[in-house]
file start21.csv (CSV, C-alpha atoms)
chain,number,residue,atom,x,y,z
C,132,MET,CA,18.6,10.4,7.3
C,133,THR,CA,15.4,10.5,5.4
C,134,ASN,CA,16.9,7.8,3.3
C,135,ASP,CA,17.5,5.6,6.3
C,136,LYS,CA,13.9,6.1,7.3
C,137,ILE,CA,12.6,5.2,3.9
C,138,GLN,CA,14.9,2.1,3.9
C,139,TYR,CA,13.5,1.1,7.3
C,140,ILE,CA,9.9,1.5,6.2
C,141,LEU,CA,10.5,-0.5,3.1
C,142,GLN,CA,12.1,-3.3,5.1
C,143,LEU,CA,8.9,-3.5,7.2
C,144,ALA,CA,6.7,-3.2,4.1
C,145,ASP,CA,8.6,-5.9,2.2
C,146,ASN,CA,8.3,-8.4,5.1
C,147,SER,CA,4.5,-7.9,5.1
C,148,LEU,CA,4.2,-8.0,1.3
C,149,ILE,CA,6.2,-11.1,0.7
C,150,HIS,CA,4.5,-12.9,3.6
C,151,GLY,CA,1.1,-11.8,2.3
C,152,HIS,CA,2.0,-12.8,-1.2
C,153,ARG,CA,3.1,-16.3,-0.2
C,154,LEU,CA,0.0,-16.8,1.9
C,155,SER,CA,-2.2,-15.7,-1.0
C,156,GLU,CA,-0.9,-18.7,-3.0
C,157,TRP,CA,-3.0,-20.8,-0.6
C,158,CYS,CA,-6.2,-19.3,-2.0
C,159,GLY,CA,-8.3,-22.3,-3.2
C,160,HIS,CA,-5.8,-24.8,-1.9
C,161,GLY,CA,-6.4,-24.8,1.9
C,162,PRO,CA,-6.9,-28.3,3.5
C,163,ILE,CA,-10.5,-27.2,4.5
C,164,LEU,CA,-12.6,-24.2,3.6
C,165,GLU,CA,-12.2,-22.5,7.0
C,166,VAL,CA,-8.4,-22.7,6.8
C,167,ASP,CA,-8.4,-21.5,3.2
C,168,MET,CA,-10.4,-18.4,4.3
C,169,ALA,CA,-8.1,-17.9,7.4
C,170,LEU,CA,-4.9,-18.0,5.3
C,171,THR,CA,-6.3,-15.6,2.7
C,172,ASN,CA,-7.6,-13.2,5.4
C,173,ILE,CA,-4.2,-13.2,7.0
C,174,ALA,CA,-2.6,-12.6,3.5
C,175,LEU,CA,-5.0,-9.6,3.1
C,176,ASP,CA,-4.1,-8.1,6.5
C,177,ASN,CA,-0.4,-8.4,5.6
C,178,ILE,CA,-0.8,-6.8,2.2
C,179,GLY,CA,-2.8,-4.0,3.8
C,180,ALA,CA,0.0,-3.3,6.3
C,181,ALA,CA,2.5,-3.3,3.4
C,182,ARG,CA,0.4,-0.8,1.6
C,183,SER,CA,0.3,1.5,4.6
C,184,PHE,CA,4.1,1.4,4.8
C,185,TYR,CA,4.6,1.8,1.1
C,186,GLN,CA,2.3,4.8,1.0
C,187,TYR,CA,4.3,6.5,3.7
C,188,ALA,CA,7.6,5.7,2.0
C,189,ALA,CA,6.2,7.2,-1.2
C,190,GLU,CA,5.2,10.4,0.6
C,191,LEU,CA,8.7,10.7,2.1
C,192,GLU,CA,10.5,10.0,-1.1
C,193,GLY,CA,8.3,12.2,-3.3
C,194,GLN,CA,9.5,12.2,-7.0
C,195,CYS,CA,6.3,10.8,-8.3
C,196,LYS,CA,6.7,7.6,-6.3
C,197,THR,CA,3.4,5.8,-5.4
C,198,GLU,CA,2.7,2.8,-3.2
C,199,ASP,CA,2.9,0.7,-6.3
C,200,SER,CA,6.4,1.8,-7.3
C,201,TYR,CA,8.1,-0.3,-4.6
C,202,PRO,CA,6.5,-3.7,-5.1
C,203,TYR,CA,6.4,-3.5,-8.9
C,204,GLU,CA,9.4,-1.5,-10.0
C,205,ARG,CA,12.2,-2.7,-7.8
C,206,ASP,CA,14.4,-5.7,-8.5
C,207,ILE,CA,15.5,-8.5,-6.2
C,208,LEU,CA,18.5,-6.8,-4.7
C,209,GLU,CA,16.4,-3.9,-3.5
C,210,PHE,CA,14.0,-6.0,-1.5
C,211,ARG,CA,14.7,-6.1,2.2
C,212,ASN,CA,12.4,-8.9,3.5
C,213,VAL,CA,13.9,-11.6,5.7
C,214,LEU,CA,14.7,-14.9,3.9
C,215,LEU,CA,12.2,-16.9,6.1
C,216,LEU,CA,9.2,-15.2,4.3
C,217,GLU,CA,10.2,-15.9,0.7
C,218,LEU,CA,10.8,-19.6,1.2
C,219,PRO,CA,8.2,-21.8,-0.6
C,220,ASN,CA,5.0,-22.6,1.3
C,221,GLY,CA,5.7,-26.4,1.3
C,222,GLU,CA,3.0,-28.4,3.0
C,223,PHE,CA,0.4,-26.9,5.3
C,224,SER,CA,2.6,-27.8,8.3
C,225,ASP,CA,5.5,-25.9,6.8
C,226,THR,CA,3.4,-22.8,6.1
C,227,LEU,CA,2.0,-22.9,9.6
C,228,MET,CA,5.5,-23.1,11.2
C,229,LYS,CA,6.7,-20.1,9.1
C,230,CYS,CA,3.6,-18.2,10.1
C,231,PHE,CA,4.0,-19.1,13.7
C,232,PHE,CA,7.7,-17.9,13.8
C,233,PHE,CA,6.8,-14.7,12.1
C,234,ASP,CA,3.5,-14.0,13.9
C,235,ALA,CA,5.2,-14.4,17.2
C,236,PHE,CA,7.9,-11.9,16.1
C,237,GLN,CA,5.4,-9.4,14.6
C,238,PHE,CA,3.3,-9.5,17.8
C,239,HIS,CA,6.2,-8.4,20.0
C,240,PHE,CA,7.6,-6.1,17.3
C,241,TYR,CA,4.4,-4.1,16.7
C,242,THR,CA,3.8,-4.0,20.5
C,243,ALA,CA,7.2,-2.2,20.8
C,244,LEU,CA,6.8,-0.2,17.6
C,245,GLN,CA,3.7,1.5,19.0
C,246,LYS,CA,6.2,3.7,21.0
C,247,SER,CA,8.0,4.8,17.8
C,248,THR,CA,8.8,8.5,17.9
C,249,ASP,CA,7.4,8.7,14.3
C,250,GLU,CA,3.7,9.0,14.8
C,251,ARG,CA,2.8,7.6,11.4
C,252,ILE,CA,4.8,4.4,12.0
C,253,ALA,CA,3.4,4.2,15.5
C,254,SER,CA,-0.2,4.4,14.2
C,255,ILE,CA,0.4,1.7,11.6
C,256,ALA,CA,1.9,-0.5,14.4
C,257,THR,CA,-1.1,0.0,16.6
C,258,LYS,CA,-3.5,-0.9,13.8
C,259,SER,CA,-1.5,-3.9,12.7
C,260,LEU,CA,-1.0,-5.3,16.2
C,261,LYS,CA,-4.8,-5.8,16.5
C,262,GLU,CA,-4.7,-7.9,13.3
C,263,VAL,CA,-1.5,-9.8,14.2
C,264,THR,CA,-3.1,-10.8,17.5
C,265,TYR,CA,-5.6,-12.9,15.4
C,266,HIS,CA,-2.8,-14.3,13.2
C,267,LEU,CA,-0.8,-15.5,16.2
C,268,ARG,CA,-3.8,-17.1,17.8
C,269,PHE,CA,-4.5,-18.9,14.6
C,270,SER,CA,-1.0,-20.2,14.0
C,271,SER,CA,-0.3,-21.1,17.6
C,272,GLU,CA,-3.5,-23.1,17.9
C,273,TRP,CA,-2.6,-25.1,14.8
C,274,VAL,CA,0.9,-25.7,16.1
C,275,ILE,CA,-0.5,-27.1,19.3
C,276,ARG,CA,-3.2,-29.1,17.5
C,277,LEU,CA,-0.8,-30.7,15.0
C,278,GLY,CA,2.2,-30.9,17.4
C,279,ASP,CA,0.1,-32.7,20.0
C,280,GLY,CA,-1.8,-34.6,17.4
C,281,THR,CA,-1.1,-37.9,15.5
C,282,ALA,CA,2.4,-39.4,15.1
C,283,GLU,CA,2.4,-38.2,11.5
C,284,SER,CA,1.3,-34.6,12.2
C,285,LYS,CA,3.9,-34.4,15.0
C,286,GLN,CA,6.6,-35.6,12.7
C,287,LYS,CA,5.7,-33.0,10.1
C,288,MET,CA,5.7,-30.2,12.6
C,289,GLN,CA,9.0,-31.4,14.0
C,290,ALA,CA,10.4,-31.5,10.4
C,291,ALA,CA,9.2,-27.9,9.8
C,292,ILE,CA,10.9,-26.6,12.9
C,293,ALA,CA,14.2,-28.3,11.7
C,294,ASP,CA,13.8,-26.7,8.2
C,295,PHE,CA,13.0,-23.1,9.3
C,296,TRP,CA,14.8,-22.7,12.6
C,297,THR,CA,18.0,-21.5,10.9
C,298,TYR,CA,16.0,-18.7,9.2
C,299,THR,CA,14.7,-17.2,12.4
C,300,GLY,CA,18.0,-15.6,13.5
C,301,GLU,CA,17.8,-12.9,10.9
C,302,LEU,CA,14.6,-11.4,12.4
C,303,PHE,CA,16.8,-10.2,15.3
C,304,ASP,CA,19.7,-8.7,13.4
C,305,ALA,CA,19.6,-5.0,12.9
C,306,SER,CA,20.2,-3.7,9.4
C,307,ALA,CA,22.2,-0.4,8.8
C,308,ALA,CA,18.9,1.5,8.3
C,309,GLU,CA,17.5,-0.1,11.4
C,310,LYS,CA,20.5,0.9,13.5
C,311,ALA,CA,20.3,4.5,12.3
C,312,MET,CA,16.6,4.7,13.1
C,313,MET,CA,17.0,3.0,16.5
C,314,SER,CA,19.3,5.9,17.6
C,315,GLU,CA,16.4,8.3,16.9
C,316,GLY,CA,13.8,6.2,18.6
C,317,VAL,CA,12.0,5.5,15.3
C,318,ALA,CA,12.9,1.9,15.1
C,319,VAL,CA,12.8,-1.0,17.6
C,320,ASP,CA,16.0,-2.8,18.5
C,321,PRO,CA,15.1,-6.3,17.1
C,322,ALA,CA,17.7,-7.9,19.4
C,323,SER,CA,15.6,-6.7,22.4
C,324,LEU,CA,12.6,-8.8,21.2
C,325,ARG,CA,14.5,-12.1,21.2
C,326,PRO,CA,13.7,-13.1,24.8
C,327,LEU,CA,10.0,-12.2,24.3
C,328,TRP,CA,9.9,-14.2,21.1
C,329,GLU,CA,11.7,-17.2,22.7
C,330,LYS,CA,9.2,-17.2,25.6
C,331,THR,CA,6.3,-17.3,23.1
C,332,ILE,CA,7.9,-20.1,21.2
C,333,ALA,CA,8.9,-22.1,24.3
C,334,ASP,CA,5.4,-21.8,25.8
C,335,THR,CA,3.6,-22.9,22.7
C,336,PHE,CA,6.0,-25.7,21.8
C,337,GLU,CA,5.7,-27.0,25.4
C,338,GLU,CA,1.9,-27.2,25.0
C,339,ALA,CA,2.4,-28.7,21.5
C,340,THR,CA,4.9,-31.3,23.0
C,341,LEU,CA,7.4,-30.2,20.3
C,342,SER,CA,11.1,-30.0,20.8
C,343,TYR,CA,13.3,-27.3,19.3
C,344,PRO,CA,17.0,-26.3,19.3
C,345,ILE,CA,18.4,-24.8,22.5
C,346,GLN,CA,19.5,-21.2,21.7
C,347,LYS,CA,23.2,-20.6,22.1
C,348,ASP,CA,25.1,-17.4,21.8
C,349,GLY,CA,26.9,-17.2,18.5
C,350,ALA,CA,24.9,-19.9,16.9
C,351,TRP,CA,25.0,-19.7,13.1
C,352,PHE,CA,21.8,-18.6,11.2
C,353,GLN,CA,21.0,-17.9,7.6
C,354,LYS,CA,20.9,-14.3,6.8
C,355,GLY,CA,21.0,-11.9,3.8
C,356,GLY,CA,17.5,-10.7,3.1
C,357,LYS,CA,17.9,-7.5,5.1
C,358,THR,CA,20.9,-6.5,2.9
C,359,GLY,CA,19.3,-7.6,-0.3
C,360,ILE,CA,21.1,-11.0,-0.7
C,361,HIS,CA,18.2,-13.4,-1.3
C,362,THR,CA,17.4,-17.0,-2.0
C,363,GLU,CA,16.5,-17.9,-5.6
C,364,TYR,CA,12.9,-18.2,-4.5
C,365,ILE,CA,12.2,-14.5,-4.4
C,366,GLY,CA,13.0,-14.3,-8.2
C,367,PHE,CA,10.0,-16.6,-8.9
C,368,ILE,CA,7.7,-14.5,-6.6
C,369,LEU,CA,8.7,-11.2,-8.3
C,370,ALA,CA,8.5,-12.8,-11.8
C,371,GLU,CA,4.8,-13.5,-11.2
C,372,MET,CA,4.0,-10.4,-9.2
C,373,GLN,CA,5.7,-7.9,-11.5
C,374,TYR,CA,4.8,-9.6,-14.8
C,375,MET,CA,2.0,-7.2,-15.8
C,376,GLN,CA,3.8,-4.0,-14.9
C,377,LYS,CA,7.0,-5.2,-16.7
C,378,SER,CA,5.0,-6.0,-19.8
C,379,TYR,CA,2.8,-2.9,-19.7
C,380,PRO,CA,4.6,-0.3,-17.6
C,381,GLY,CA,2.2,2.1,-15.7
C,382,LEU,CA,-0.8,-0.1,-16.5
C,383,GLU,CA,-3.8,0.8,-14.2
C,384,TRP,CA,-7.1,-0.9,-13.8
X,168,MET,CA,-23.6,27.6,3.5
X,169,LEU,CA,-22.3,24.1,4.2
X,170,THR,CA,-22.1,22.8,7.7
X,171,LYS,CA,-20.9,19.6,9.2
X,172,GLU,CA,-24.5,18.6,10.0
X,173,ILE,CA,-25.5,19.0,6.4
X,174,ILE,CA,-22.6,16.9,5.2
X,175,LEU,CA,-23.3,14.2,7.8
X,176,ASN,CA,-26.9,14.2,6.7
X,177,TYR,CA,-25.8,13.7,3.0
X,178,LEU,CA,-23.5,10.9,4.1
X,179,GLU,CA,-26.4,9.0,5.6
X,180,ALA,CA,-26.9,7.7,2.1
X,181,VAL,CA,-23.5,6.0,1.9
X,182,THR,CA,-23.5,2.4,3.1
X,183,ASP,CA,-20.8,-0.3,3.5
X,184,PRO,CA,-20.6,-2.1,0.2
X,185,GLU,CA,-20.2,-5.5,1.9
X,186,ILE,CA,-23.0,-4.9,4.5
X,187,PRO,CA,-25.5,-2.6,2.8
X,188,VAL,CA,-27.7,-2.2,5.9
X,189,LEU,CA,-25.0,-0.3,7.7
X,190,THR,CA,-24.2,3.3,6.9
X,191,ILE,CA,-20.6,4.3,7.1
X,192,GLN,CA,-21.6,6.4,10.2
X,193,ASP,CA,-23.0,3.3,11.8
X,194,MET,CA,-19.6,1.7,11.3
X,195,GLY,CA,-17.8,4.6,12.8
X,196,ILE,CA,-15.6,5.1,9.7
X,197,ILE,CA,-16.2,8.9,9.5
X,198,ARG,CA,-13.7,10.5,11.9
X,199,ASP,CA,-14.0,14.2,11.1
X,200,ILE,CA,-15.3,16.7,8.5
X,201,LYS,CA,-13.8,20.0,7.6
X,202,ILE,CA,-15.6,22.6,5.6
X,203,LEU,CA,-13.0,24.2,3.3
X,204,GLY,CA,-15.2,26.5,1.2
X,205,GLU,CA,-18.6,27.0,-0.4
X,206,ASP,CA,-18.5,23.7,-2.2
X,207,ALA,CA,-15.4,22.1,-0.7
X,208,VAL,CA,-15.0,19.7,2.2
X,209,GLU,CA,-12.4,17.4,3.6
X,210,ILE,CA,-13.7,14.1,5.0
X,211,PHE,CA,-11.4,12.0,7.3
X,212,ILE,CA,-12.1,8.3,7.2
X,213,THR,CA,-10.4,5.5,9.0
X,214,PRO,CA,-9.9,2.0,7.6
X,215,THR,CA,-11.6,-0.8,9.5
X,216,TYR,CA,-8.9,-3.5,8.7
X,217,SER,CA,-5.7,-2.6,6.9
X,218,GLY,CA,-6.4,-4.7,3.9
X,219,CYS,CA,-10.1,-4.2,3.7
X,220,PRO,CA,-11.0,-3.8,-0.1
X,221,ALA,CA,-14.2,-2.0,0.8
X,222,MET,CA,-12.3,1.2,1.8
X,223,SER,CA,-11.6,2.4,-1.7
X,224,ALA,CA,-15.2,1.7,-2.7
X,225,ILE,CA,-16.4,3.7,0.3
X,226,ALA,CA,-14.1,6.6,-0.6
X,227,THR,CA,-15.5,6.6,-4.1
X,228,ASN,CA,-19.1,6.4,-2.9
X,229,ILE,CA,-18.6,9.3,-0.5
X,230,ARG,CA,-17.2,11.4,-3.4
X,231,LEU,CA,-20.1,10.5,-5.8
X,232,GLU,CA,-22.8,11.1,-3.1
X,233,LEU,CA,-21.4,14.6,-2.2
X,234,ILE,CA,-20.9,15.6,-5.9
X,235,SER,CA,-24.5,14.6,-6.6
X,236,ARG,CA,-25.5,17.0,-3.8
X,237,GLY,CA,-23.5,19.8,-5.4
X,238,VAL,CA,-20.4,19.6,-3.2
X,239,SER,CA,-18.0,19.4,-6.1
X,240,ASN,CA,-14.7,19.6,-4.3
X,241,VAL,CA,-14.3,16.6,-2.0
X,242,LYS,CA,-11.0,15.7,-0.4
X,243,ILE,CA,-10.8,12.4,1.4
X,244,SER,CA,-8.0,11.8,3.9
X,245,GLU,CA,-7.2,8.6,5.7
X,246,GLN,CA,-6.7,8.8,9.4
X,247,LEU,CA,-5.0,5.8,11.0
X,248,SER,CA,-4.9,6.9,14.6
X,249,PRO,CA,-6.6,6.2,16.8
X,250,ALA,CA,-7.1,2.7,15.3
X,251,TRP,CA,-10.7,1.8,14.3
X,252,THR,CA,-12.6,-0.2,16.9
X,253,THR,CA,-16.0,-1.9,16.9
X,254,ASP,CA,-16.7,0.2,20.0
X,255,TRP,CA,-17.5,3.0,17.5
X,256,MET,CA,-20.3,1.1,16.0
X,257,SER,CA,-23.7,2.7,16.8
X,258,GLU,CA,-26.4,0.8,18.7
X,259,ALA,CA,-28.7,1.4,15.8
X,260,GLY,CA,-26.1,-0.2,13.6
X,261,LYS,CA,-25.8,-3.3,15.8
X,262,THR,CA,-29.6,-3.8,15.8
X,263,LYS,CA,-29.6,-3.5,12.0
X,264,LEU,CA,-26.7,-6.0,11.7
X,265,ASN,CA,-28.6,-8.5,13.8
X,266,ALA,CA,-31.8,-8.1,11.7
X,267,TYR,CA,-29.6,-8.6,8.6
X,268,GLY,CA,-28.4,-12.0,9.9
X,269,ILE,CA,-25.0,-11.0,11.2
X,270,ALA,CA,-24.4,-11.2,15.0
X,271,PRO,CA,-23.1,-7.8,16.2
X,272,PRO,CA,-20.0,-7.3,18.4
X,273,GLN,CA,-20.8,-8.7,21.9
X,274,TYR,CA,-18.7,-6.6,24.1
X,275,ARG,CA,-16.6,-3.4,24.2
X,276,THR,CA,-12.9,-3.9,23.5
X,277,LYS,CA,-12.0,-2.1,26.7
X,278,GLN,CA,-13.6,-5.0,28.6
X,279,ASN,CA,-11.8,-7.8,26.7
X,280,PRO,CA,-12.8,-11.1,28.2
X,281,GLU,CA,-10.0,-13.5,29.3
X,282,ASN,CA,-10.6,-15.8,26.4
X,283,GLU,CA,-12.5,-14.7,23.4
X,284,GLN,CA,-13.8,-18.2,22.7
X,285,ASP,CA,-15.8,-18.0,25.9
X,286,VAL,CA,-17.9,-15.2,24.6
X,287,VAL,CA,-21.5,-16.2,24.0
X,288,VAL,CA,-22.7,-15.1,20.6
X,289,PRO,CA,-26.5,-15.4,20.2
X,290,CYS,CA,-27.8,-16.8,16.8
X,291,PRO,CA,-29.2,-13.8,14.8
X,292,LEU,CA,-31.8,-16.2,13.3
X,293,CYS,CA,-33.3,-17.9,16.3
X,294,ASN,CA,-31.7,-16.1,19.2
X,295,SER,CA,-30.4,-19.3,20.7
X,296,THR,CA,-27.2,-18.9,22.8
X,297,ASN,CA,-26.3,-22.5,22.0
X,298,THR,CA,-23.8,-21.6,19.3
X,299,THR,CA,-20.2,-22.6,18.5
X,300,LEU,CA,-17.2,-21.0,16.8
X,301,LEU,CA,-16.4,-22.6,13.4
X,302,SER,CA,-13.6,-20.3,12.4
X,303,GLN,CA,-12.1,-17.0,13.6
X,304,PHE,CA,-11.8,-15.9,10.0
X,305,GLY,CA,-15.0,-15.5,8.1
X,306,SER,CA,-16.2,-14.2,4.7
X,307,THR,CA,-14.6,-10.8,5.3
X,308,ALA,CA,-11.7,-9.6,7.5
X,309,CYS,CA,-14.2,-8.2,10.1
X,310,LYS,CA,-16.2,-11.4,10.6
X,311,ALA,CA,-15.9,-14.8,12.3
X,312,LEU,CA,-17.9,-17.9,11.3
X,313,TYR,CA,-20.3,-19.4,13.9
X,314,LYS,CA,-22.9,-22.2,13.8
X,315,CYS,CA,-26.1,-22.4,15.8
X,316,LYS,CA,-26.5,-25.8,17.4
X,317,ASP,CA,-30.3,-25.4,17.7
X,318,CYS,CA,-31.4,-24.1,14.3
X,319,LEU,CA,-28.2,-25.6,12.8
X,320,GLU,CA,-27.7,-22.6,10.5
X,321,PRO,CA,-24.1,-21.2,10.1
X,322,PHE,CA,-23.9,-17.4,10.6
X,323,ASP,CA,-21.4,-14.6,10.5
X,324,TYR,CA,-20.3,-12.8,13.7
X,325,PHE,CA,-18.9,-9.2,13.5
X,326,LYS,CA,-15.8,-9.6,15.7
X,327,CYS,CA,-15.0,-7.3,18.5
X,328,HIS,CA,-11.9,-5.4,17.3
call {"tool": "encode", "arguments": {"input": "start21.csv", "output": "structure tokens"}}
result
Amino acid sequence: MTNDKIQYILQLADNSLIHGHRLSEWCGHGPILEVDMALTNIALDNIGAARSFYQYAAELEGQCKTEDSYPYERDILEFRNVLLLELPNGEFSDTLMKCFFFDAFQFHFYTALQKSTDERIASIATKSLKEVTYHLRFSSEWVIRLGDGTAESKQKMQAAIADFWTYTGELFDASAAEKAMMSEGVAVDPASLRPLWEKTIADTFEEATLSYPIQKDGAWFQKGGKTGIHTEYIGFILAEMQYMQKSYPGLEW
Amino acid sequence: MLTKEIILNYLEAVTDPEIPVLTIQDMGIIRDIKILGEDAVEIFITPTYSGCPAMSAIATNIRLELISRGVSNVKISEQLSPAWTTDWMSEAGKTKLNAYGIAPPQYRTKQNPENEQDVVVPCPLCNSTNTTLLSQFGSTACKALYKCKDCLEPFDYFKCH
């Protein structure tokens, strides 16, 4: 039972960490200074949320675990983030679309998670929700600006929807740990968030004059991240992120 | 004999590393103080933003300040709930922020306006209300970037959070 809770917390932490890590790659590469700062601020918020979750997991697990044990000492198969977040950043339009899909999910997810029966998880959710509200405002404004922009910007946003849509389904599949924690009121049923998420997507895309696939029951989506079956891309992320700890185990600043 | 008041008094010397005119009490970061013994205290602090790198520097500075005052046993605990809000910033703190060149939070979060972009943020340099938002994300997580259309200077705005 504790194990399921730790797995659930790590799943949430891994999503925030991998998303934050990908966004940090934009540091110094943003199209304009303000966007560069926005993306790195959002990266920082995500890594901060990941730390809060990793710290809690380490306390529950004991055995000399620290918040650093999970990002630095686990291998690919132990990471539980959804595939969407480990995909390469691509162009600015691609990163934005990834952000928008995930921010819209996180907004509704944290809203519901505030009612978790686990007080610590609920308090992290309340704190993170305030930050995700900014993230969603940023990504949806850009989706609207570029979607309802020039022919070229619209085409790029439309291409990004086509590329990432198939990775959005996994957000709403419950993992084994998630199901176990749902029965105790600790976790949120991700499937219950789907109508809320679709409404946010539909409203924003309408304003952005963008089209997107109509949702059908039983439609096929990419999945695997929540069970540890990843794309090749996460290997490159971990190779860079874990290099120092693998070369000098236990190194501290 | 240590008391909460004495500790609070000592902590007046600890400032935010990013905004040195604000003490951590002006920021509303100190949530509680427990006296554990003759030279032992537990300080409860709350993070402003989840990823704010200033938090570990603040914890270190609290420890160093209290040790220098003879309080050798300092435990610092993080308290996440209730989540930090700019509503806890003191009025004195807001005045100091403005004088430092950073526009202070303009409303209480309980009275969230319909659209945050409609909030008028006066320029801390010339007091003009003819200002415009450049970016919701500024030099640190807690700030947005504005520009004054009268004196033409860009300035930081401490976001309502």
call {"tool": "atom_distance", "arguments": {"input": "start21.csv", "atom1": "CA of Tyr267 (chain X)", "atom2": "CA of Lys261 (chain C)"}}
result
26.2 Å
call {"tool": "atom_distance", "arguments": {"input": "start21.csv", "atom1": "CA of Leu312 (chain X)", "atom2": "CA of Cys293 (chain X)"}}
result
16.2 Å
call {"tool": "closest_residue", "arguments": {"input": "start21.csv", "among": "C:Glu272, C:Glu262, C:Asp206, C:Asp279", "to": "Ala250 (chain X)", "atoms": "all atoms listed in the file"}}
result
C:Glu262
call {"tool": "residues_around", "arguments": {"input": "start21.csv", "residues": "Asn240 (chain X)", "least_positions_apart": "2", "cutoff": "7 Å", "atoms": "all atoms listed in the file", "output": "ChimeraX atom specification"}}
result
/X:206-208,238,242
call {"tool": "interface_residues", "arguments": {"input": "start21.csv", "of": "chain C", "to": "chain X", "cutoff": "10 Å", "atoms": "only C-alpha atoms", "output": "JSON list (two decimals) with C-alpha atoms, in the coordinates of the input"}}
result
[["chain", "number", "residue", "atom", "x", "y", "z"],
["C", 164, "LEU", "CA", -12.60, -24.20, 3.60],
["C", 165, "GLU", "CA", -12.20, -22.50, 7.00],
["C", 166, "VAL", "CA", -8.40, -22.70, 6.80],
["C", 167, "ASP", "CA", -8.40, -21.50, 3.20],
["C", 168, "MET", "CA", -10.40, -18.40, 4.30],
["C", 169, "ALA", "CA", -8.10, -17.90, 7.40],
["C", 170, "LEU", "CA", -4.90, -18.00, 5.30],
["C", 171, "THR", "CA", -6.30, -15.60, 2.70],
["C", 172, "ASN", "CA", -7.60, -13.20, 5.40],
["C", 173, "ILE", "CA", -4.20, -13.20, 7.00],
["C", 174, "ALA", "CA", -2.60, -12.60, 3.50],
["C", 175, "LEU", "CA", -5.00, -9.60, 3.10],
["C", 176, "ASP", "CA", -4.10, -8.10, 6.50],
["C", 177, "ASN", "CA", -0.40, -8.40, 5.60],
["C", 178, "ILE", "CA", -0.80, -6.80, 2.20],
["C", 179, "GLY", "CA", -2.80, -4.00, 3.80],
["C", 180, "ALA", "CA", 0.00, -3.30, 6.30],
["C", 181, "ALA", "CA", 2.50, -3.30, 3.40],
["C", 182, "ARG", "CA", 0.40, -0.80, 1.60],
["C", 183, "SER", "CA", 0.30, 1.50, 4.60],
["C", 250, "GLU", "CA", 3.70, 9.00, 14.80],
["C", 251, "ARG", "CA", 2.80, 7.60, 11.40],
["C", 252, "ILE", "CA", 4.80, 4.40, 12.00],
["C", 253, "ALA", "CA", 3.40, 4.20, 15.50],
["C", 254, "SER", "CA", -0.20, 4.40, 14.20],
["C", 255, "ILE", "CA", 0.40, 1.70, 11.60],
["C", 256, "ALA", "CA", 1.90, -0.50, 14.40],
["C", 257, "THR", "CA", -1.10, 0.00, 16.60],
["C", 258, "LYS", "CA", -3.50, -0.90, 13.80],
["C", 259, "SER", "CA", -1.50, -3.90, 12.70],
["C", 261, "LYS", "CA", -4.80, -5.80, 16.50],
["C", 262, "GLU", "CA", -4.70, -7.90, 13.30],
["C", 265, "TYR", "CA", -5.60, -12.90, 15.40],
["C", 266, "HIS", "CA", -2.80, -14.30, 13.20],
["C", 268, "ARG", "CA", -3.80, -17.10, 17.80],
["C", 269, "PHE", "CA", -4.50, -18.90, 14.60]]
call {"tool": "closest_residue", "arguments": {"input": "start21.csv", "among": "C:Ala370, C:Ala144, C:Leu267, C:Ala318", "to": "Phe231 (chain C)", "atoms": "all atoms listed in the file"}}
result
C:Leu267
call {"tool": "atom_distance", "arguments": {"input": "start21.csv", "atom1": "CA of Pro291 (chain X)", "atom2": "CA of Ile196 (chain X)"}}
result
23.8 Å
call {"tool": "closest_residue", "arguments": {"input": "start21.csv", "among": "X:Glu185, X:Glu205, X:Asp317, X:Asp199", "to": "Ile269 (chain X)", "atoms": "all atoms listed in the file"}}
result
X:Glu185
call {"tool": "closest_residue", "arguments": {"input": "start21.csv", "among": "X:Leu203, X:Ala270, X:Ile186, X:Val241", "to": "Ala221 (chain X)", "atoms": "all atoms listed in the file"}}
result
X:Ile186
call {"tool": "residues_around", "arguments": {"input": "start21.csv", "residues": "Glu179 (chain X)", "least_positions_apart": "6", "cutoff": "8 Å", "atoms": "only C-alpha atoms", "output": "list in words"}}
result
Thr190, Ile191 and Gln192 of chain X
call {"tool": "closest_residue", "arguments": {"input": "start21.csv", "among": "X:Leu233, X:Leu300, X:Val286, X:Ile202", "to": "Asn176 (chain X)", "atoms": "all atoms listed in the file"}}
result
X:Leu233
call {"tool": "residues_around", "arguments": {"input": "start21.csv", "residues": "region 362-366 of chain C", "least_positions_apart": "5", "cutoff": "9 Å", "atoms": "only C-alpha atoms", "output": "PyMOL selection string"}}
result
chain C and resi 149+206-207+214+217-219+355-356+371
